[in-house]
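> First the structure, then my questions, so here it is.
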Amino acid sequence: MPKKLFLSANEAVALAARHAGCRVAAAYPGTPSTEILENVAKFKSAPYFEWAVNEKVAMEVVVGAALAGGRALTAMKHVGLNVAMDPLMTATYVGVLGGLVIVTADDPGMHSSQNEQDNRVLAKFARCPTFEPSDSQEAFDMALAAFDLSEETGAPAILRLTTRTSHTSGVVVVPDEEGGVRPLKEYVKDIRRTVPVPAHSRGMRLAAEERTKKLAAVSEASRFNTEIEGKRDVSFVASGVAFQYVREVFPECAVLKLGMSWPLPIEKIRAFAAKAGRLVVVEESDPVIADGIRAAGIPVPETKTELHMLELNPMRLAALRAELEGKEPPAAAPAAADVPARPPVLCAGCSHRGVFHVLSKLKATVTGDIGCYTLGAFPPLSAMDSTICMGAAIGNALGMRKAGHPNKRIAAVLGDSTFFHSGMTGLLDMAYNGGDVTLVVMDNRITAMTGHQDNPGTGRTLMGAPAKEARIADIARACGIEKVFEVDAYDLKALESTLKECLDGSGPAVVVAIGPCVINKKLVGKNPRKVDAAKCVACGTCFRLGCPAIHRGEPAGADGKRFKAAVDPAMCSGCTLCEQVCPRGAFGPAEQA
Amino acid sequence: MSKGIWNISLVGVGGQGIILTSDVLARAAMISGYDVKKSEIHGMSQRGGSVISQVRFGEKVASPIVADGTSDVLVAFERVEALRWARLAKPDGRVLVNRADIVPVTVSSGMQPPAQRVEERLAELPGLVVVDSAPLAAEAGNARTANLVIAGALSRLLPLEEAAWTEAIRVRIPEKLQAVNLKAFALGRGAVA
């Protein structure tokens, strides 16, 4: 009996992997893709699944599984595919024996990312057939089809989700499961096929282009590339969730919906365009389809309405509608005036806060990285100068030093998961080449930002097996760093003396600041502090910690500008930083409720 | 455009149970036989940020996003969040506001002034309904069921049978917490005429 479920596209993909008989799944967490592997674990979609240390390793693991003849799945956020492009660009030549599906979850509008990149460009670059589901049902159906197509053609298949599809739930009708895990296809050692030395890879290059022709024929006939009848004076080509906005705002118009968008079904498009008045392509984010259509000699006039930057939505399509009807664009709804911002902040009790407090006090130049701790850049901590990508802090700091940056105190800051992801190679570079840089690894033994996934510091695999915890100090020493310190992240005195010694000394140094994630360890509301108002002189020192549990209490003085501190016991986790910075000893333990 | 579709926007602060509430709503609509989409943005919600979830249900739902000015019900779990997201409200729709204030760190640290004239500005919102969830959640027996009190109040404003809601609660909430959450839901439902 088919089942009717309510699933996000991420959940639907994970379930599809189970239906497809997937054997191996590997990923590194990254919003908005994280729930895919979490649900692979929940649904037991494969006999083996792991959180890999980074997307490149995840890709290598699934390529290996597919080379061995098993079906495999990896999922990553858009920038993760940058990390994994090296194996992909050659895996696509070598081809796969078992079906390989790569999910890229792009983030138009940058809800939780440092950039906005359209990975369909990379999919095309890697000659991977590309599917763009517009809802959860299609995510399920297309993931299944992608496994089959990959296995039939040997091409890794890419499923492009976006934040809006990944994190939208909808009704999904799921057929009966059949077959369970697919048996391995027969493996035959054949280095001409799987070892791309130049003599072999030239043939692979030609074969990959032949494969593309075959894929183009598949795309022309694909049930995912369908025409929806309607008025044709303005006709649309649309893919992904953009299709849903077109249906919402132009329900009367004809649409050629592209679910398989690479290779483009160009003859299907040509036939559609021949019947169309004006052809409008709506896609998120870059004009990938539009440029492909133009390259085939089919005119796609530009619209005045900007449709390529940031996330699309029905309001932007309504502006397009006004343009096409020759009307004034609808007035944008006014932003709320006089409402204080509610930015994300480091949690009360966060073990990163002390490091930033000290680095700020020491006036260090700080190269930052990707994680919760990027929030240390903002006032009042204001303890970060730059952020580029996962692991970049170390190389960036070294480069600043080598360029002659005048600040004696240069620190690189990243978290444990980011260190394992791609900080380790940067550390070896810094250790070997030398330079007055202090690396601070803020080690909370978990990948916190994306919702607390395990990493090599956690001591437990995603399969639930115990594992040996990687100790960062040991790795630093093994890389050749002589000055390696492990410090309690909540001990401000020790942090300050250690960091000062490292930053003012010569040669590379590593400080591992160790403290748990208070959310992960459920410490919020435990062991709270309180303020003795009689001792508080409203100096504001504690406010400069930027702790959300510390707020303005009673006014001090008649001018109404200074306030004594107060603590919200429900938010406080008793980290004691406030006690340590208070010059008057006004903070102390509160009675627990 | 999208005739017969119900649009509900739920806004508030991370940790208030918005995602669970919108999930219960979406499942109640699905149990009632509707097509449903639920879309949420929760990237850094655990870190005190603003959270939004949108639910659309009807015969066939296309866009997962509720367009500005088209929310049949805007549900604000916190008073100032109602003001922040007021542009989502439909001029002839309803705004359901929970009487709760969560001071953002920008205000508690003195970097920004608090919102002014909150009561007056709330009164200007279309079809305002106010519910005070905290005392009702306490009455139900668990302060953490405030979100189900709000769901109960919301159920009065939507064309879904009470049985669909209670079934959705049973589907979505672990068994040992069902009784207290069902009580919170009933109290919220009773709080709105």
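Chain labels follow the order of the structure tokens: the first chain is A, the next B, and so on; residue numbering restarts at 1 in every chain, and ligands are counted from 1 in their shown order.
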For chain A against chain B, which residues fall within 8 Å using only C-alpha atoms, given as an MDAnalysis selection string?
chainID A and resid 6 31:32 111:112 164 167:171 241 244:245 247:249 251 313:315 333:347 449:450 543 546:548 550:552
> Determine which residues of stretch 113-189 of chain B receive a DSSP assignment of strand (DSSP E), computed from the backbone, and state them as a list in words.
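Result set for stretch 113-189 of chain B (strand (DSSP E)): Leu128, Val129, Val130 and Val131 of chain B.
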> Filtering to C-alpha atoms, could you give me those residues as a short mmCIF file (atom, residue, chain, number, x, y, z; two decimals), in the first residue's frame?

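As written to disk, selection.cif reads:
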```
data_model
loop_
_atom_site.label_atom_id
_atom_site.label_comp_id
_atom_site.auth_asym_id
_atom_site.auth_seq_id
_atom_site.Cartn_x
_atom_site.Cartn_y
_atom_site.Cartn_z
CA LEU B 128 -6.22 41.56 16.62
CA VAL B 129 -6.74 38.65 19.02
CA VAL B 130 -4.58 38.50 22.14
CA VAL B 131 -3.91 35.35 24.12
#
```
> Show which residues sit within 10 Å of A:Ala296, as a count of residues only. Count only C-alpha atoms, and ignore same-chain residues fewer than 5 positions away.
5
> Measure the distance from atom CA of A:Gly376 to atom CA of A:Met390 in Å and round it to one decimal.
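Interatomic distance here is 16.0 Å.
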> Run DSSP on the backbone and grab whatever in stretch 41-82 of chain B lands in helix (DSSP H, G or I); send it over as number ranges by chain.
B: 45-47, 79-82
> Give me the residues within 6 Å of A:Leu256 as a list in words, counting only C-alpha atoms and dropping any in the same chain fewer than 3 places off.
Thr226, Glu227 and Val237 of chain A
> Any idea what's packed within 10 Å of A:Ala20, counting only C-alpha atoms, ignoring anything in its chain fewer than 5 positions away? Could you give it as a VMD selection string?
chain A and resid 14 to 15 45 to 46 71 to 72 99 143 to 148 177 to 182
> What lies within 6 Å of A:Asp436 using only C-alpha atoms, ignoring chain neighbours under 2 positions off, as a list in words?
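Everything that qualifies: Ser506, Gly507 and Pro508 of chain A.
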> Which residues are near B:Gly93? Cut-off 7 Å, only C-alpha atoms, ignore same chain within fewer than 3 positions. Put them as a PyMOL selection string.
chain B and resi 71-73+89-90+126-127
> What separation in Å, quoted to one decimal, exists between atom CA of B:Gly12 and atom CA of A:Gly354?
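Spanning atom CA of B:Gly12 to atom CA of A:Gly354 is a straight-line distance of 29.0 Å.
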> Pick from A:Pro265, A:Pro583, A:Gly203, A:Gly349: nearest to A:Cys542, with only C-alpha atoms counted?
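Checking each of A:Pro265, A:Pro583, A:Gly203, A:Gly349 against A:Cys542, counting only C-alpha atoms, the winner is A:Pro583.
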> Which value, in Å to one decimal, gives the distance between atom CA of A:Val24 and atom CA of A:Leu5?
24.4 Å
